[in-house]
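This is start_36.txt. It holds compact mmCIF, C-alpha atoms.
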```txt
# COMPACT_ATOMS: atom_id res chain seq x y z
CA MET A 1 89.34 -16.57 187.89
CA LYS A 2 86.70 -16.00 185.22
CA LYS A 3 86.23 -12.44 186.50
CA ILE A 4 89.97 -11.76 186.21
CA THR A 5 90.07 -13.21 182.70
CA PHE A 6 87.06 -11.14 181.65
CA ALA A 7 88.61 -8.01 183.13
CA CYS A 8 91.86 -8.63 181.25
CA LEU A 9 90.01 -9.21 177.97
CA SER A 10 87.99 -6.04 178.52
CA LEU A 11 91.16 -4.06 179.20
CA LEU A 12 92.79 -5.42 176.05
CA LEU A 13 89.69 -4.61 174.00
CA ILE A 14 89.49 -1.03 175.33
CA THR A 15 93.21 -0.54 174.77
CA GLY A 16 92.91 -1.85 171.23
CA ILE A 17 90.02 0.45 170.43
CA SER A 18 91.87 3.43 171.93
CA CYS A 19 94.97 2.66 169.88
CA LYS A 20 92.90 2.36 166.71
CA ASP A 21 91.17 5.68 167.44
CA ALA A 22 94.52 7.35 168.12
CA LYS A 23 95.93 5.94 164.88
CA LYS A 24 92.89 7.14 162.93
CA GLU A 25 93.26 10.62 164.44
CA LYS A 26 96.98 10.64 163.65
CA ASP A 27 96.34 9.48 160.09
CA ALA A 28 93.67 12.16 159.66
CA GLN A 29 96.08 14.83 160.88
CA ALA A 30 98.73 13.55 158.47
CA VAL A 31 96.29 13.69 155.54
CA GLU A 32 95.25 17.23 156.53
CA LEU A 33 98.89 18.33 156.82
CA GLU A 34 99.71 16.76 153.46
CA ALA A 35 96.74 18.51 151.86
CA THR A 36 97.88 21.84 153.30
CA SER A 37 101.49 21.38 152.23
CA SER A 38 100.42 20.35 148.72
CA LYS A 39 98.95 23.80 148.04
CA LYS A 40 100.74 25.68 145.30
CA PHE A 41 100.55 29.38 144.57
CA SER A 42 101.78 31.36 141.60
CA LEU A 43 101.78 35.00 140.51
CA VAL A 44 99.13 36.29 138.13
CA LYS A 45 101.57 38.12 135.89
CA ASP A 46 99.34 40.81 134.42
CA SER A 47 98.00 41.74 137.87
CA THR A 48 101.15 43.55 139.05
CA LYS A 49 100.89 47.32 139.56
CA VAL A 50 103.79 49.59 140.49
CA SER A 51 103.48 53.18 141.68
CA PHE A 52 105.62 55.72 143.49
CA THR A 53 105.48 58.98 145.39
CA ALA A 54 108.26 61.57 145.00
CA TYR A 55 108.50 64.75 147.06
CA LYS A 56 109.17 68.41 146.30
CA THR A 57 109.70 71.63 148.32
CA THR A 58 110.98 71.73 151.89
CA GLU A 59 107.40 71.01 152.96
CA LYS A 60 107.77 67.62 151.27
CA LEU A 61 104.72 67.87 149.04
CA PRO A 62 103.94 64.53 147.34
CA VAL A 63 104.00 63.97 143.59
CA GLY A 64 102.52 60.61 142.63
CA GLY A 65 103.07 58.50 139.56
CA LYS A 66 103.12 54.96 138.23
CA PHE A 67 104.56 52.74 135.52
CA THR A 68 101.99 51.33 133.15
CA LYS A 69 104.13 48.42 131.98
CA ILE A 70 105.84 45.79 134.13
CA ASN A 71 107.58 42.85 132.51
CA ILE A 72 107.59 39.77 134.73
CA LYS A 73 110.52 37.61 133.62
CA GLU A 74 110.95 34.69 136.03
CA THR A 75 108.31 33.32 138.37
CA ASN A 76 108.10 30.46 140.83
CA GLU A 77 105.57 28.38 142.71
CA GLY A 78 105.40 28.17 146.49
CA SER A 79 103.45 26.54 149.31
CA THR A 80 102.33 30.03 150.38
CA ALA A 81 101.50 33.14 148.37
CA LEU A 82 104.55 35.01 149.66
CA LEU A 83 106.96 32.14 149.01
CA ALA A 84 105.68 31.97 145.45
CA LEU A 85 107.00 35.51 144.94
CA ASN A 86 110.52 34.62 146.06
CA GLY A 87 112.92 34.89 143.14
CA THR A 88 110.46 36.68 140.85
CA THR A 89 112.39 38.97 138.50
CA PHE A 90 111.00 41.95 136.64
CA SER A 91 111.90 44.88 134.44
CA ILE A 92 110.08 48.19 134.05
CA PRO A 93 110.47 50.36 130.94
CA VAL A 94 110.92 53.92 132.22
CA SER A 95 109.13 55.09 129.07
CA SER A 96 105.91 53.74 130.63
CA LEU A 97 106.04 56.49 133.26
CA PHE A 98 102.68 58.20 133.90
CA THR A 99 102.07 60.96 136.46
CA ASN A 100 98.66 62.11 135.23
CA ASP A 101 99.90 65.65 134.63
CA ALA A 102 97.25 67.72 132.88
CA THR A 103 99.85 69.97 131.20
CA GLY A 104 101.64 67.03 129.61
CA THR A 105 105.03 68.53 130.50
CA ARG A 106 106.00 66.69 133.68
CA ASP A 107 106.60 63.20 132.26
CA PRO A 108 108.91 64.35 129.43
CA LYS A 109 110.93 66.38 131.96
CA ILE A 110 111.34 63.40 134.29
CA LEU A 111 112.39 61.17 131.41
CA GLU A 112 114.92 63.70 130.10
CA PHE A 113 116.29 65.39 133.18
CA PHE A 114 116.02 62.54 135.70
CA PHE A 115 116.27 59.16 134.00
CA GLY A 116 118.08 60.69 131.04
CA VAL A 117 121.16 61.63 133.08
CA MET A 118 121.58 58.15 134.58
CA GLU A 119 123.41 55.15 133.17
CA ASN A 120 121.57 52.21 131.61
CA THR A 121 118.14 53.39 132.68
CA GLU A 122 116.01 52.35 129.75
CA LEU A 123 114.80 49.73 132.20
CA ILE A 124 114.51 49.50 135.97
CA SER A 125 115.06 45.87 136.88
CA GLY A 126 114.82 43.90 140.08
CA GLU A 127 114.24 40.69 142.00
CA PHE A 128 111.71 40.00 144.74
CA LYS A 129 113.08 38.24 147.81
CA VAL A 130 111.47 36.50 150.76
CA SER A 131 113.53 35.54 153.81
CA GLY A 132 111.99 33.32 156.45
CA GLU A 133 108.24 33.18 156.07
CA ASP A 134 107.23 36.82 155.84
CA LYS A 135 110.19 39.18 155.46
CA CYS A 136 110.15 40.71 151.99
CA SER A 137 112.45 42.97 150.02
CA ILE A 138 113.44 43.78 146.45
CA ASP A 139 116.81 44.16 144.82
CA VAL A 140 116.53 47.11 142.43
CA THR A 141 119.00 47.89 139.66
CA LEU A 142 119.09 51.55 138.61
CA ASN A 143 121.86 53.80 137.30
CA GLY A 144 124.14 50.76 137.01
CA LYS A 145 123.80 50.01 140.75
CA THR A 146 121.91 47.29 142.60
CA GLN A 147 120.62 47.92 146.12
CA ASN A 148 118.02 46.34 148.37
CA ILE A 149 114.74 47.90 149.58
CA PRO A 150 113.02 46.31 152.62
CA LEU A 151 109.26 46.07 152.15
CA ASP A 152 106.24 46.10 154.40
CA HIS A 153 103.37 43.97 153.15
CA THR A 154 99.63 43.78 153.75
CA LEU A 155 97.11 41.14 152.75
CA THR A 156 94.45 43.10 150.85
CA GLY A 157 92.19 40.26 149.72
CA ASP A 158 92.17 36.58 148.83
CA ASN A 159 95.82 35.99 147.86
CA SER A 160 96.34 39.66 146.98
CA TYR A 161 99.08 41.73 148.62
CA SER A 162 100.31 45.29 148.68
CA PHE A 163 103.97 46.14 149.31
CA SER A 164 105.55 49.43 150.28
CA GLY A 165 109.06 50.67 150.92
CA VAL A 166 111.31 53.71 150.72
CA MET A 167 114.00 54.16 148.07
CA ASP A 168 116.76 56.64 148.87
CA LEU A 169 118.32 57.56 145.52
CA GLU A 170 121.63 58.32 147.20
CA ASN A 171 122.12 54.56 147.51
CA TRP A 172 122.01 54.32 143.72
CA ASP A 173 124.50 57.19 143.23
CA ALA A 174 121.66 59.19 141.67
CA LEU A 175 121.91 62.50 143.51
CA ASN A 176 123.09 64.14 140.29
CA ALA A 177 119.81 63.05 138.70
CA VAL A 178 117.91 64.54 141.66
CA ALA A 179 119.80 67.83 141.23
CA SER A 180 119.13 67.75 137.49
CA ILE A 181 115.36 67.38 137.78
CA ASN A 182 115.29 69.96 140.57
CA LYS A 183 117.00 72.49 138.31
CA ALA A 184 114.67 71.71 135.41
CA CYS A 185 111.64 72.17 137.71
CA GLU A 186 113.14 74.87 139.92
CA ALA A 187 110.11 77.15 140.00
CA LEU A 188 107.65 74.30 140.51
CA HIS A 189 109.75 72.83 143.33
CA THR A 190 110.05 76.11 145.21
CA GLY A 191 108.03 76.30 148.40
CA LYS A 192 106.72 79.12 150.54
CA ASP A 193 110.19 79.60 152.01
CA GLY A 194 111.60 80.43 148.57
CA VAL A 195 113.78 77.29 148.52
CA SER A 196 113.70 74.87 145.58
CA LYS A 197 114.05 71.27 146.72
CA THR A 198 113.59 67.77 145.32
CA TRP A 199 113.88 64.98 147.87
CA SER A 200 116.09 61.95 147.28
CA GLU A 201 113.57 59.74 149.07
CA VAL A 202 110.92 58.06 146.94
CA ALA A 203 108.13 55.91 148.36
CA VAL A 204 107.51 52.81 146.25
CA HIS A 205 104.34 50.75 146.18
CA ALA A 206 103.31 47.53 144.43
CA GLU A 207 100.18 45.41 144.26
CA VAL A 208 100.12 41.76 143.21
CA LEU A 209 97.59 38.95 142.89
CA LEU A 210 98.40 35.27 143.25
CA GLN A 211 96.42 32.21 142.30
CA GLU A 212 96.15 28.86 144.04
CA LYS A 213 96.66 25.80 141.88
```
Could you rewrite the structure in this file as structure tokens?
Amino acid sequence: MKKITFACLSLLLITGISCKDAKKEKDAQAVELEATSSKKFSLVKDSTKVSFTAYKTTEKLPVGGKFTKINIKETNEGSTALLALNGTTFSIPVSSLFTNDATGTRDPKILEFFFGVMENTELISGEFKVSGEDKCSIDVTLNGKTQNIPLDHTLTGDNSYSFSGVMDLENWDALNAVASINKACEALHTGKDGVSKTWSEVAVHAEVLLQEK
């Protein structure tokens, strides 16, 4: 009888210890999960860089450029770096265009014969969107129209990302602006085949840095 009693007490003791260990492990996991979920990220506003690549001639030769000023208007915080970007709004003064043209003639032509023939294009404005956990896009307002550009993204460092997408100006009713700049740069946009062409597709690129709070 004593042996049975001792065995039962031992079983109860082992069970109690096991339950306590399981509870400790569960509590530790809960604390770790809470610590992870309590992370907050936000955009470093002056870190944002925006560039683009336009194309000329039927050979599709690239012409790169950037905007030196980006106004970040609304920002948010998020549990991940990408979610912190969701809902971020921005505006870009087109006057901050810079294509590093040694002759100094390209930028004034783009401003006059491309942006200048559009409506309400003193600023390019937009909103960054994140759907799910990692699908990103931007709504861009140009020429009085707002359209969406899907973006690919790459983690380039600690909480730094690069984004890239393709903007087809036809979606912004801007083919007249494409024709205008092509005419103004007709000789420069003429390829070996003797055809002058400016593509409506523009590759867009952005780099951002976020900070963890």
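Using only C-alpha atoms, the nearest neighbour of Gly64 in chain A within the list A:Leu82, A:Ala203, A:Leu123, A:Leu210 is A:Ala203.
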Nearest to Pro108 in chain A by atom-to-atom distance, counting all atoms listed in the file, from A:Ser200, A:Asn120, A:Thr156, A:Ser95 |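 Among the listed residues, the smallest separation from Pro108 in chain A belongs to A:Ser95.
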As a check of understanding: the span from CA of Val204 in chain A to CA of Ile149 in chain A is 9.4 Å
Closest of A:Glu186, A:Glu127, A:Glu170, A:Glu59 to Val202 in chain A, counting all atoms listed in the file, is A:Glu170
Using all atoms listed in the file, the shortest atom-to-atom distance to His205 in chain A among A:Glu112, A:Glu119, A:Asp139, A:Asp152 belongs to A:Asp152
Rank nothing, just name the residue among A:Ser131, A:Ser196, A:Gln147, A:Ser91 nearest to Val178 in chain A, using all atoms listed in the file.
-> A:Ser196
Interatomic distance between CA of Glu77 in chain A and CA of Gly165 in chain A?
->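 Separation between CA of Glu77 in chain A and CA of Gly165 in chain A: 24.0 Å.
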Residue nearest Ser160 in chain A among A:Thr68, A:Gln211, A:Thr58, A:Asn100 (counting only C-alpha atoms) |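 Among the listed residues, A:Gln211 lies closest to Ser160 in chain A.
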Which residues, written as a short mmCIF file (atom, residue, chain, number, x, y, z; two decimals) with C-alpha atoms, in the frame of the given file, have at least one atom at most 8 Å from Ser180 in chain A, with only C-alpha atoms counted and residues fewer than 2 positions away on the same chain left out?
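What ended up in result-v9.cif:
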```cif
data_model
loop_
_atom_site.label_atom_id
_atom_site.label_comp_id
_atom_site.auth_asym_id
_atom_site.auth_seq_id
_atom_site.Cartn_x
_atom_site.Cartn_y
_atom_site.Cartn_z
CA PHE A 113 116.29 65.39 133.18
CA PHE A 114 116.02 62.54 135.70
CA VAL A 117 121.16 61.63 133.08
CA ASN A 176 123.09 64.14 140.29
CA ALA A 177 119.81 63.05 138.70
CA VAL A 178 117.91 64.54 141.66
CA ASN A 182 115.29 69.96 140.57
CA LYS A 183 117.00 72.49 138.31
CA ALA A 184 114.67 71.71 135.41
#
```
Expressed in Å to a single decimal, how great is the separation between CA of Thr75 in chain A and CA of Ser42 in chain A?
->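 Atom-to-atom, CA of Thr75 in chain A and CA of Ser42 in chain A are spaced 7.5 Å apart.
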Determine, counting only C-alpha atoms, which protein, DNA and RNA residues have an atom within 10 Å of an atom of range 132-137 of chain A; residues of the same chain fewer than 3 positions away are not included. Present the result as a PyMOL selection string.
-> chain A and resi 80+82-83+85-86+127-129+140+148-153+163-165
Could you write those residues out with C-alpha atoms, as a PDB file, keeping the file's coordinate frame?
```
ATOM      1  CA  THR A  80     102.330  30.030 150.380  1.00  0.00           C
ATOM      2  CA  LEU A  82     104.550  35.010 149.660  1.00  0.00           C
ATOM      3  CA  LEU A  83     106.960  32.140 149.010  1.00  0.00           C
ATOM      4  CA  LEU A  85     107.000  35.510 144.940  1.00  0.00           C
ATOM      5  CA  ASN A  86     110.520  34.620 146.060  1.00  0.00           C
ATOM      6  CA  GLU A 127     114.240  40.690 142.000  1.00  0.00           C
ATOM      7  CA  PHE A 128     111.710  40.000 144.740  1.00  0.00           C
ATOM      8  CA  LYS A 129     113.080  38.240 147.810  1.00  0.00           C
ATOM      9  CA  VAL A 140     116.530  47.110 142.430  1.00  0.00           C
ATOM     10  CA  ASN A 148     118.020  46.340 148.370  1.00  0.00           C
ATOM     11  CA  ILE A 149     114.740  47.900 149.580  1.00  0.00           C
ATOM     12  CA  PRO A 150     113.020  46.310 152.620  1.00  0.00           C
ATOM     13  CA  LEU A 151     109.260  46.070 152.150  1.00  0.00           C
ATOM     14  CA  ASP A 152     106.240  46.100 154.400  1.00  0.00           C
ATOM     15  CA  HIS A 153     103.370  43.970 153.150  1.00  0.00           C
ATOM     16  CA  PHE A 163     103.970  46.140 149.310  1.00  0.00           C
ATOM     17  CA  SER A 164     105.550  49.430 150.280  1.00  0.00           C
ATOM     18  CA  GLY A 165     109.060  50.670 150.920  1.00  0.00           C
TER      19      GLY A 165
END
```
Shell of 6 Å around Lys197 in chain A, all atoms listed in the file, local chain residues under 5 positions omitted, as a PyMOL selection string = chain A and resi 56-57+189
Neighbours of point (106.2, 43.4, 132.5) within 10 Å, using all atoms listed in the file, written as a PDB file with C-alpha atoms, keeping the file's coordinate frame:
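Result went into part-v7.pdb, see below:
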```pdb
ATOM      1  CA  LYS A  45     101.570  38.120 135.890  1.00  0.00           C
ATOM      2  CA  ASP A  46      99.340  40.810 134.420  1.00  0.00           C
ATOM      3  CA  SER A  47      98.000  41.740 137.870  1.00  0.00           C
ATOM      4  CA  THR A  48     101.150  43.550 139.050  1.00  0.00           C
ATOM      5  CA  LYS A  49     100.890  47.320 139.560  1.00  0.00           C
ATOM      6  CA  PHE A  67     104.560  52.740 135.520  1.00  0.00           C
ATOM      7  CA  THR A  68     101.990  51.330 133.150  1.00  0.00           C
ATOM      8  CA  LYS A  69     104.130  48.420 131.980  1.00  0.00           C
ATOM      9  CA  ILE A  70     105.840  45.790 134.130  1.00  0.00           C
ATOM     10  CA  ASN A  71     107.580  42.850 132.510  1.00  0.00           C
ATOM     11  CA  ILE A  72     107.590  39.770 134.730  1.00  0.00           C
ATOM     12  CA  LYS A  73     110.520  37.610 133.620  1.00  0.00           C
ATOM     13  CA  THR A  89     112.390  38.970 138.500  1.00  0.00           C
ATOM     14  CA  PHE A  90     111.000  41.950 136.640  1.00  0.00           C
ATOM     15  CA  SER A  91     111.900  44.880 134.440  1.00  0.00           C
ATOM     16  CA  ILE A  92     110.080  48.190 134.050  1.00  0.00           C
ATOM     17  CA  PRO A  93     110.470  50.360 130.940  1.00  0.00           C
TER      18      PRO A  93
END
```
Expected file content for range 70-112 of chain A, N, CA and C atoms, as a tab-separated table (two decimals), in the first residue's frame:
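The file below, result_18.tsv, is the result:
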```tsv
chain	number	residue	atom	x	y	z
A	70	ILE	N	11.47	65.83	-52.36
A	70	ILE	CA	10.27	65.02	-52.14
A	70	ILE	C	9.66	65.48	-50.82
A	71	ASN	N	8.44	65.93	-50.87
A	71	ASN	CA	7.74	66.36	-49.67
A	71	ASN	C	6.91	65.20	-49.12
A	72	ILE	N	7.28	64.72	-47.94
A	72	ILE	CA	6.50	63.68	-47.27
A	72	ILE	C	5.44	64.38	-46.41
A	73	LYS	N	4.18	64.10	-46.68
A	73	LYS	CA	3.09	64.82	-46.02
A	73	LYS	C	2.52	64.07	-44.83
A	74	GLU	N	2.05	62.85	-45.05
A	74	GLU	CA	1.49	62.05	-43.95
A	74	GLU	C	2.29	60.77	-43.80
A	75	THR	N	2.58	60.42	-42.57
A	75	THR	CA	3.30	59.17	-42.29
A	75	THR	C	2.58	58.39	-41.19
A	76	ASN	N	2.93	57.12	-41.08
A	76	ASN	CA	2.32	56.27	-40.08
A	76	ASN	C	3.40	55.44	-39.39
A	77	GLU	N	2.98	54.73	-38.34
A	77	GLU	CA	3.83	53.75	-37.70
A	77	GLU	C	3.25	52.37	-37.98
A	78	GLY	N	4.11	51.35	-37.97
A	78	GLY	CA	3.63	50.00	-38.22
A	78	GLY	C	4.48	48.97	-37.51
A	79	SER	N	3.96	47.77	-37.33
A	79	SER	CA	4.69	46.71	-36.64
A	79	SER	C	5.80	46.14	-37.51
A	80	THR	N	5.77	46.43	-38.81
A	80	THR	CA	6.87	46.07	-39.71
A	80	THR	C	7.23	47.32	-40.51
A	81	ALA	N	8.41	47.27	-41.13
A	81	ALA	CA	8.87	48.43	-41.90
A	81	ALA	C	7.93	48.73	-43.06
A	82	LEU	N	7.47	47.69	-43.75
A	82	LEU	CA	6.58	47.91	-44.89
A	82	LEU	C	5.23	48.47	-44.45
A	83	LEU	N	4.68	47.92	-43.37
A	83	LEU	CA	3.38	48.40	-42.90
A	83	LEU	C	3.45	49.86	-42.46
A	84	ALA	N	4.62	50.28	-42.01
A	84	ALA	CA	4.78	51.68	-41.61
A	84	ALA	C	4.65	52.61	-42.80
A	85	LEU	N	4.91	52.10	-44.00
A	85	LEU	CA	4.82	52.93	-45.21
A	85	LEU	C	3.38	53.07	-45.71
A	86	ASN	N	2.51	52.17	-45.28
A	86	ASN	CA	1.14	52.18	-45.77
A	86	ASN	C	0.44	53.50	-45.43
A	87	GLY	N	-0.11	54.14	-46.43
A	87	GLY	CA	-0.81	55.41	-46.22
A	87	GLY	C	0.08	56.63	-46.27
A	88	THR	N	1.38	56.45	-46.48
A	88	THR	CA	2.28	57.60	-46.60
A	88	THR	C	1.94	58.39	-47.86
A	89	THR	N	1.75	59.68	-47.72
A	89	THR	CA	1.45	60.53	-48.87
A	89	THR	C	2.63	61.47	-49.14
A	90	PHE	N	2.78	61.84	-50.41
A	90	PHE	CA	3.93	62.65	-50.79
A	90	PHE	C	3.56	63.55	-51.96
A	91	SER	N	4.37	64.56	-52.16
A	91	SER	CA	4.28	65.41	-53.35
A	91	SER	C	5.69	65.75	-53.81
A	92	ILE	N	5.85	65.82	-55.14
A	92	ILE	CA	7.16	66.08	-55.72
A	92	ILE	C	7.07	67.29	-56.64
A	93	PRO	N	7.76	68.37	-56.32
A	93	PRO	CA	7.78	69.53	-57.23
A	93	PRO	C	8.51	69.15	-58.52
A	94	VAL	N	7.85	69.29	-59.66
A	94	VAL	CA	8.51	68.92	-60.92
A	94	VAL	C	9.69	69.85	-61.21
A	95	SER	N	9.70	71.01	-60.58
A	95	SER	CA	10.81	71.95	-60.77
A	95	SER	C	12.12	71.41	-60.19
A	96	SER	N	12.03	70.34	-59.36
A	96	SER	CA	13.24	69.76	-58.79
A	96	SER	C	13.85	68.68	-59.69
A	97	LEU	N	13.36	68.60	-60.92
A	97	LEU	CA	13.88	67.65	-61.90
A	97	LEU	C	15.38	67.87	-62.12
A	98	PHE	N	16.13	66.76	-62.22
A	98	PHE	CA	17.57	66.85	-62.50
A	98	PHE	C	17.99	65.63	-63.30
A	99	THR	N	18.49	65.84	-64.50
A	99	THR	CA	18.91	64.72	-65.36
A	99	THR	C	20.42	64.71	-65.62
A	100	ASN	N	21.14	65.59	-64.95
A	100	ASN	CA	22.60	65.63	-65.06
A	100	ASN	C	23.06	65.81	-66.50
A	101	ASP	N	22.37	66.70	-67.22
A	101	ASP	CA	22.72	66.98	-68.61
A	101	ASP	C	23.78	68.06	-68.67
A	102	ALA	N	24.91	67.73	-69.26
A	102	ALA	CA	26.04	68.66	-69.29
A	102	ALA	C	25.73	69.93	-70.07
A	103	THR	N	24.84	69.85	-71.06
A	103	THR	CA	24.52	71.02	-71.89
A	103	THR	C	23.56	71.99	-71.18
A	104	GLY	N	22.88	71.50	-70.16
A	104	GLY	CA	21.93	72.34	-69.44
A	104	GLY	C	20.65	72.63	-70.21
A	105	THR	N	20.41	71.91	-71.29
A	105	THR	CA	19.23	72.18	-72.12
A	105	THR	C	18.10	71.16	-71.93
A	106	ARG	N	18.46	69.96	-71.46
A	106	ARG	CA	17.45	68.91	-71.38
A	106	ARG	C	16.36	69.20	-70.35
A	107	ASP	N	16.76	69.60	-69.14
A	107	ASP	CA	15.78	69.81	-68.07
A	107	ASP	C	14.76	70.89	-68.42
A	108	PRO	N	15.20	72.05	-68.94
A	108	PRO	CA	14.22	73.08	-69.33
A	108	PRO	C	13.25	72.58	-70.40
A	109	LYS	N	13.74	71.75	-71.32
A	109	LYS	CA	12.86	71.22	-72.37
A	109	LYS	C	11.80	70.29	-71.77
A	110	ILE	N	12.23	69.44	-70.86
A	110	ILE	CA	11.27	68.51	-70.23
A	110	ILE	C	10.21	69.29	-69.45
A	111	LEU	N	10.66	70.31	-68.72
A	111	LEU	CA	9.72	71.10	-67.93
A	111	LEU	C	8.73	71.85	-68.83
A	112	GLU	N	9.21	72.37	-69.95
A	112	GLU	CA	8.33	73.15	-70.83
A	112	GLU	C	7.48	72.28	-71.74
```
